[in-house]
$ cat final.pdb   # PDB, C-alpha atoms
ATOM      1  CA  MET A  18      32.659  29.879 144.126
ATOM      2  CA  ASN A  19      29.988  32.499 143.535
ATOM      3  CA  THR A  20      31.397  34.637 140.719
ATOM      4  CA  LEU A  21      29.892  38.048 140.009
ATOM      5  CA  LYS A  22      27.878  38.271 136.813
ATOM      6  CA  PRO A  23      26.838  41.123 134.518
ATOM      7  CA  GLY A  24      24.321  43.309 136.321
ATOM      8  CA  ASP A  25      25.785  42.600 139.789
ATOM      9  CA  LYS A  26      26.797  45.605 141.884
ATOM     10  CA  VAL A  27      30.288  45.210 143.328
ATOM     11  CA  ALA A  28      30.606  45.764 147.088
ATOM     12  CA  ASP A  29      33.062  48.506 148.012
ATOM     13  CA  PHE A  30      36.480  47.384 149.180
ATOM     14  CA  THR A  31      39.712  48.951 150.388
ATOM     15  CA  VAL A  32      42.978  47.078 149.859
ATOM     16  CA  ASN A  33      46.602  48.222 149.694
ATOM     17  CA  ASP A  34      48.358  48.528 146.375
ATOM     18  CA  GLN A  35      51.992  47.597 145.728
ATOM     19  CA  ASP A  36      53.228  50.703 147.572
ATOM     20  CA  GLY A  37      50.981  50.360 150.616
ATOM     21  CA  ASN A  38      48.507  53.015 149.413
ATOM     22  CA  LYS A  39      44.872  52.254 150.159
ATOM     23  CA  VAL A  40      42.787  51.724 147.026
ATOM     24  CA  SER A  41      38.991  51.563 147.189
ATOM     25  CA  LEU A  42      36.393  50.769 144.586
ATOM     26  CA  SER A  43      34.766  54.096 145.447
ATOM     27  CA  ASP A  44      37.936  55.868 144.171
ATOM     28  CA  PHE A  45      36.776  54.927 140.668
ATOM     29  CA  LYS A  46      33.202  56.186 140.930
ATOM     30  CA  GLY A  47      32.243  57.842 137.661
ATOM     31  CA  LYS A  48      34.894  55.890 135.756
ATOM     32  CA  LYS A  49      34.806  52.631 133.836
ATOM     33  CA  LEU A  50      37.070  50.095 135.487
ATOM     34  CA  ILE A  51      38.779  46.921 134.343
ATOM     35  CA  VAL A  52      39.613  44.617 137.265
ATOM     36  CA  PHE A  53      41.835  41.750 136.174
ATOM     37  CA  PHE A  54      42.626  38.877 138.517
ATOM     38  CA  TYR A  55      45.764  36.825 138.026
ATOM     39  CA  PRO A  56      47.070  33.823 139.973
ATOM     40  CA  LYS A  57      50.619  34.943 140.826
ATOM     41  CA  ALA A  58      52.869  37.916 140.117
ATOM     42  CA  SER A  59      55.868  37.387 137.850
ATOM     43  CA  THR A  60      54.771  33.981 136.520
ATOM     44  CA  PRO A  61      54.814  33.567 132.698
ATOM     45  CA  GLY A  62      51.057  33.750 132.001
ATOM     46  CA  CYS A  63      50.476  36.630 134.387
ATOM     47  CA  THR A  64      53.452  38.528 132.991
ATOM     48  CA  ALA A  65      52.231  38.060 129.394
ATOM     49  CA  GLU A  66      48.738  39.247 130.366
ATOM     50  CA  ALA A  67      49.841  42.314 132.335
ATOM     51  CA  CYS A  68      52.438  43.299 129.705
ATOM     52  CA  ASN A  69      49.784  43.066 126.990
ATOM     53  CA  LEU A  70      47.539  45.401 129.013
ATOM     54  CA  ARG A  71      50.506  47.728 129.585
ATOM     55  CA  ASP A  72      51.292  47.828 125.855
ATOM     56  CA  HIS A  73      47.675  48.782 125.058
ATOM     57  CA  TYR A  74      47.125  50.981 128.112
ATOM     58  CA  LYS A  75      46.664  54.158 126.080
ATOM     59  CA  GLU A  76      43.988  52.553 123.886
ATOM     60  CA  LEU A  77      42.156  51.344 126.989
ATOM     61  CA  GLN A  78      42.414  54.811 128.550
ATOM     62  CA  ASP A  79      41.167  56.393 125.325
ATOM     63  CA  LYS A  80      38.025  54.256 125.733
ATOM     64  CA  GLY A  81      37.644  55.666 129.248
ATOM     65  CA  TYR A  82      38.942  52.682 131.220
ATOM     66  CA  GLU A  83      40.994  52.614 134.404
ATOM     67  CA  LEU A  84      42.838  49.380 135.254
ATOM     68  CA  LEU A  85      43.376  47.477 138.466
ATOM     69  CA  GLY A  86      45.337  44.229 138.722
ATOM     70  CA  VAL A  87      44.614  41.930 141.674
ATOM     71  CA  SER A  88      46.270  38.846 143.149
ATOM     72  CA  ALA A  89      46.938  37.509 146.655
ATOM     73  CA  ASP A  90      50.632  38.398 146.444
ATOM     74  CA  SER A  91      52.348  40.552 149.069
ATOM     75  CA  GLU A  92      52.976  44.268 148.529
ATOM     76  CA  LYS A  93      56.659  43.471 147.984
ATOM     77  CA  ARG A  94      55.935  40.902 145.247
ATOM     78  CA  GLN A  95      53.456  43.243 143.565
ATOM     79  CA  SER A  96      55.926  46.127 143.786
ATOM     80  CA  ASN A  97      58.727  44.037 142.230
ATOM     81  CA  PHE A  98      56.342  42.897 139.451
ATOM     82  CA  LYS A  99      55.123  46.438 138.717
ATOM     83  CA  ASN A 100      58.584  48.007 138.764
ATOM     84  CA  LYS A 101      60.257  45.299 136.689
ATOM     85  CA  TYR A 102      57.723  45.626 133.852
ATOM     86  CA  GLU A 103      56.824  49.307 134.414
ATOM     87  CA  PHE A 104      53.084  48.807 134.654
ATOM     88  CA  PRO A 105      51.221  52.141 134.570
ATOM     89  CA  PHE A 106      48.349  50.764 136.686
ATOM     90  CA  PRO A 107      48.173  49.743 140.355
ATOM     91  CA  LEU A 108      48.402  46.121 141.509
ATOM     92  CA  LEU A 109      46.453  45.250 144.625
ATOM     93  CA  ALA A 110      48.123  43.065 147.242
ATOM     94  CA  ASP A 111      44.951  41.234 148.286
ATOM     95  CA  GLU A 112      46.598  38.924 150.824
ATOM     96  CA  GLU A 113      43.391  38.626 152.867
ATOM     97  CA  LYS A 114      41.473  37.785 149.660
ATOM     98  CA  GLU A 115      38.927  40.531 150.332
ATOM     99  CA  VAL A 116      38.549  41.625 146.691
ATOM    100  CA  ILE A 117      39.098  38.075 145.436
ATOM    101  CA  ASN A 118      36.148  36.873 147.533
ATOM    102  CA  ILE A 119      33.900  39.827 146.617
ATOM    103  CA  PHE A 120      34.314  38.961 142.931
ATOM    104  CA  GLY A 121      34.220  35.215 143.609
ATOM    105  CA  VAL A 122      37.384  34.207 141.767
ATOM    106  CA  TRP A 123      38.890  31.911 144.439
ATOM    107  CA  GLY A 124      38.180  28.239 144.000
ATOM    108  CA  LEU A 125      39.213  24.794 142.906
ATOM    109  CA  LYS A 126      41.674  24.663 140.040
ATOM    110  CA  LYS A 127      43.256  21.822 138.122
ATOM    111  CA  PHE A 128      46.782  21.870 136.830
ATOM    112  CA  MET A 129      48.665  18.892 135.439
ATOM    113  CA  GLY A 130      46.303  16.453 137.117
ATOM    114  CA  LYS A 131      46.492  18.099 140.542
ATOM    115  CA  GLU A 132      43.615  19.927 142.209
ATOM    116  CA  TYR A 133      44.179  22.891 144.481
ATOM    117  CA  ASP A 134      42.542  26.144 145.549
ATOM    118  CA  GLY A 135      43.659  29.294 143.823
ATOM    119  CA  ILE A 136      42.735  32.436 141.922
ATOM    120  CA  HIS A 137      40.925  31.983 138.641
ATOM    121  CA  ARG A 138      42.228  34.227 135.865
ATOM    122  CA  LYS A 139      39.198  36.373 135.091
ATOM    123  CA  THR A 140      38.589  39.961 134.108
ATOM    124  CA  PHE A 141      35.605  42.082 135.115
ATOM    125  CA  ILE A 142      34.583  45.255 133.329
ATOM    126  CA  LEU A 143      32.620  47.642 135.538
ATOM    127  CA  ASP A 144      30.567  50.658 134.569
ATOM    128  CA  GLU A 145      30.779  54.110 136.180
ATOM    129  CA  ASN A 146      28.570  52.974 139.075
ATOM    130  CA  GLY A 147      30.530  49.843 140.002
ATOM    131  CA  VAL A 148      28.142  47.436 138.258
ATOM    132  CA  VAL A 149      29.591  44.499 136.302
ATOM    133  CA  GLU A 150      29.061  44.986 132.550
ATOM    134  CA  ARG A 151      31.115  42.047 131.256
ATOM    135  CA  VAL A 152      33.086  39.110 132.565
ATOM    136  CA  ILE A 153      35.895  37.571 130.517
ATOM    137  CA  ASP A 154      36.326  33.972 131.668
ATOM    138  CA  LYS A 155      38.660  32.700 128.982
ATOM    139  CA  VAL A 156      41.471  35.220 129.155
ATOM    140  CA  LYS A 157      43.930  35.147 126.252
ATOM    141  CA  THR A 158      47.040  36.236 128.120
ATOM    142  CA  LYS A 159      48.980  37.445 125.062
ATOM    143  CA  ASP A 160      45.997  39.220 123.498
ATOM    144  CA  HIS A 161      43.913  40.348 126.440
ATOM    145  CA  ALA A 162      43.552  44.040 125.558
ATOM    146  CA  ALA A 163      41.987  43.076 122.225
ATOM    147  CA  GLN A 164      39.460  40.890 124.077
ATOM    148  CA  ILE A 165      38.487  43.853 126.232
ATOM    149  CA  LEU A 166      38.378  46.333 123.350
ATOM    150  CA  GLU A 167      36.362  44.167 120.959
ATOM    151  CA  ASP A 168      33.122  44.991 122.759
ATOM    152  CA  ALA A 169      34.109  48.330 124.233
TER     153      ALA A 169
END
$ encode --input "final.pdb" --output "structure tokens"
Amino acid sequence: MNTLKPGDKVADFTVNDQDGNKVSLSDFKGKKLIVFFYPKASTPGCTAEACNLRDHYKELQDKGYELLGVSADSEKRQSNFKNKYEFPFPLLADEEKEVINIFGVWGLKKFMGKEYDGIHRKTFILDENGVVERVIDKVKTKDHAAQILEDA
């Protein structure tokens, strides 16, 4: 797993969001972007994380950030997740793992003594030119917005 680091330029991508609209990195040129990766829509940790970002969305926007959630879930699962919790930001249905592989967040995970491949919960903060400024490896799901804002 070759995870992007601060200073790395992110390759452009185009992936569908929860409604089947194409979303590209280039759509955010000139804006600061938070890209948060989560293992699976509607699971407890992912719900806590995304709801925390939703609840602090205005503060993040006030700091100039746009948000993009990404997992390998289908458009339907992402749509159900977004609508149920009324997220104000798009969720990418990265079923082909295009964005996941660009950022390098797919890899071996351990859970309750089992090893398997999956998405690592990480957040990347990009500058206006699509360059990684910060990577948050140890995401606090219930307090994630504060982690992002502390160095903003």
$ atom_distance --input "final.pdb" --atom1 "CA of Asn33 in chain A" --atom2 "CA of Thr158 in chain A"
24.7 Å
$ residues_around --input "final.pdb" --residues "His73 in chain A" --least-positions-apart "6" --cutoff "12 Å" --atoms "all atoms listed in the file" --output "list in words"
Glu66, Ala67, Asp79, Lys80, Tyr82, Leu84, Phe104, Pro105, Phe106, Lys159, Asp160, His161, Ala162, Ala163, Gln164, Ile165 and Leu166 of chain A
$ atom_distance --input "final.pdb" --atom1 "CA of Cys68 in chain A" --atom2 "CA of Asp29 in chain A"
27.2 Å
$ resolve_selection --input "final.pdb" --expression "the PyMOL selection byres ((chain A and resi 49-65) around 7)" --output "number ranges by chain"
A: 47-48, 66-69, 81-88, 90, 94-95, 98, 135-145, 158-159
$ write_last_selection --input "final.pdb" --atoms "C-alpha atoms" --output "tab-separated table (two decimals), in the frame of the given file"
chain	number	residue	atom	x	y	z
A	47	GLY	CA	32.24	57.84	137.66
A	48	LYS	CA	34.89	55.89	135.76
A	66	GLU	CA	48.74	39.25	130.37
A	67	ALA	CA	49.84	42.31	132.34
A	68	CYS	CA	52.44	43.30	129.71
A	69	ASN	CA	49.78	43.07	126.99
A	81	GLY	CA	37.64	55.67	129.25
A	82	TYR	CA	38.94	52.68	131.22
A	83	GLU	CA	40.99	52.61	134.40
A	84	LEU	CA	42.84	49.38	135.25
A	85	LEU	CA	43.38	47.48	138.47
A	86	GLY	CA	45.34	44.23	138.72
A	87	VAL	CA	44.61	41.93	141.67
A	88	SER	CA	46.27	38.85	143.15
A	90	ASP	CA	50.63	38.40	146.44
A	94	ARG	CA	55.94	40.90	145.25
A	95	GLN	CA	53.46	43.24	143.56
A	98	PHE	CA	56.34	42.90	139.45
A	135	GLY	CA	43.66	29.29	143.82
A	136	ILE	CA	42.74	32.44	141.92
A	137	HIS	CA	40.92	31.98	138.64
A	138	ARG	CA	42.23	34.23	135.86
A	139	LYS	CA	39.20	36.37	135.09
A	140	THR	CA	38.59	39.96	134.11
A	141	PHE	CA	35.60	42.08	135.12
A	142	ILE	CA	34.58	45.26	133.33
A	143	LEU	CA	32.62	47.64	135.54
A	144	ASP	CA	30.57	50.66	134.57
A	145	GLU	CA	30.78	54.11	136.18
A	158	THR	CA	47.04	36.24	128.12
A	159	LYS	CA	48.98	37.44	125.06
$ closest_residue --input "final.pdb" --among "A:Gln35, A:Leu109, A:Lys126, A:Arg71" --to "Lys93 in chain A" --atoms "only C-alpha atoms"
A:Gln35
$ atom_distance --input "final.pdb" --atom1 "CA of Ala110 in chain A" --atom2 "CA of Ala89 in chain A"
5.7 Å
$ closest_residue --input "final.pdb" --among "A:Thr20, A:Tyr133, A:Glu112, A:Asn97" --to "Ile153 in chain A" --atoms "only C-alpha atoms"
A:Thr20
$ build_atoms --input "final.pdb" --residues "range 125-138 of chain A" --atoms "N, CA and C atoms" --output "PDB file, keeping the file's coordinate frame"
ATOM      1  N   LEU A 125      38.480  25.987 143.307  1.00  0.00           N
ATOM      2  CA  LEU A 125      39.213  24.794 142.906  1.00  0.00           C
ATOM      3  C   LEU A 125      39.762  24.945 141.490  1.00  0.00           C
ATOM      4  N   LYS A 126      41.021  24.614 141.346  1.00  0.00           N
ATOM      5  CA  LYS A 126      41.674  24.663 140.040  1.00  0.00           C
ATOM      6  C   LYS A 126      42.334  23.321 139.776  1.00  0.00           C
ATOM      7  N   LYS A 127      42.537  23.041 138.516  1.00  0.00           N
ATOM      8  CA  LYS A 127      43.256  21.822 138.122  1.00  0.00           C
ATOM      9  C   LYS A 127      44.453  22.214 137.290  1.00  0.00           C
ATOM     10  N   PHE A 128      45.577  21.613 137.611  1.00  0.00           N
ATOM     11  CA  PHE A 128      46.782  21.870 136.830  1.00  0.00           C
ATOM     12  C   PHE A 128      47.615  20.604 136.800  1.00  0.00           C
ATOM     13  N   MET A 129      47.869  20.107 135.622  1.00  0.00           N
ATOM     14  CA  MET A 129      48.665  18.892 135.439  1.00  0.00           C
ATOM     15  C   MET A 129      48.192  17.749 136.341  1.00  0.00           C
ATOM     16  N   GLY A 130      46.879  17.569 136.372  1.00  0.00           N
ATOM     17  CA  GLY A 130      46.303  16.453 137.117  1.00  0.00           C
ATOM     18  C   GLY A 130      46.147  16.671 138.610  1.00  0.00           C
ATOM     19  N   LYS A 131      46.637  17.812 139.106  1.00  0.00           N
ATOM     20  CA  LYS A 131      46.492  18.099 140.542  1.00  0.00           C
ATOM     21  C   LYS A 131      45.358  19.100 140.742  1.00  0.00           C
ATOM     22  N   GLU A 132      44.659  18.955 141.865  1.00  0.00           N
ATOM     23  CA  GLU A 132      43.615  19.927 142.209  1.00  0.00           C
ATOM     24  C   GLU A 132      44.083  20.746 143.405  1.00  0.00           C
ATOM     25  N   TYR A 133      43.803  22.011 143.365  1.00  0.00           N
ATOM     26  CA  TYR A 133      44.179  22.891 144.481  1.00  0.00           C
ATOM     27  C   TYR A 133      43.311  24.134 144.419  1.00  0.00           C
ATOM     28  N   ASP A 134      43.280  24.889 145.523  1.00  0.00           N
ATOM     29  CA  ASP A 134      42.542  26.144 145.549  1.00  0.00           C
ATOM     30  C   ASP A 134      43.443  27.279 145.085  1.00  0.00           C
ATOM     31  N   GLY A 135      42.875  28.161 144.298  1.00  0.00           N
ATOM     32  CA  GLY A 135      43.659  29.294 143.823  1.00  0.00           C
ATOM     33  C   GLY A 135      42.780  30.328 143.149  1.00  0.00           C
ATOM     34  N   ILE A 136      43.438  31.344 142.593  1.00  0.00           N
ATOM     35  CA  ILE A 136      42.735  32.436 141.922  1.00  0.00           C
ATOM     36  C   ILE A 136      42.484  32.048 140.472  1.00  0.00           C
ATOM     37  N   HIS A 137      41.258  32.213 140.038  1.00  0.00           N
ATOM     38  CA  HIS A 137      40.925  31.983 138.641  1.00  0.00           C
ATOM     39  C   HIS A 137      41.227  33.250 137.853  1.00  0.00           C
ATOM     40  N   ARG A 138      41.880  33.081 136.708  1.00  0.00           N
ATOM     41  CA  ARG A 138      42.228  34.227 135.865  1.00  0.00           C
ATOM     42  C   ARG A 138      40.959  34.711 135.169  1.00  0.00           C
TER      43      ARG A 138
END
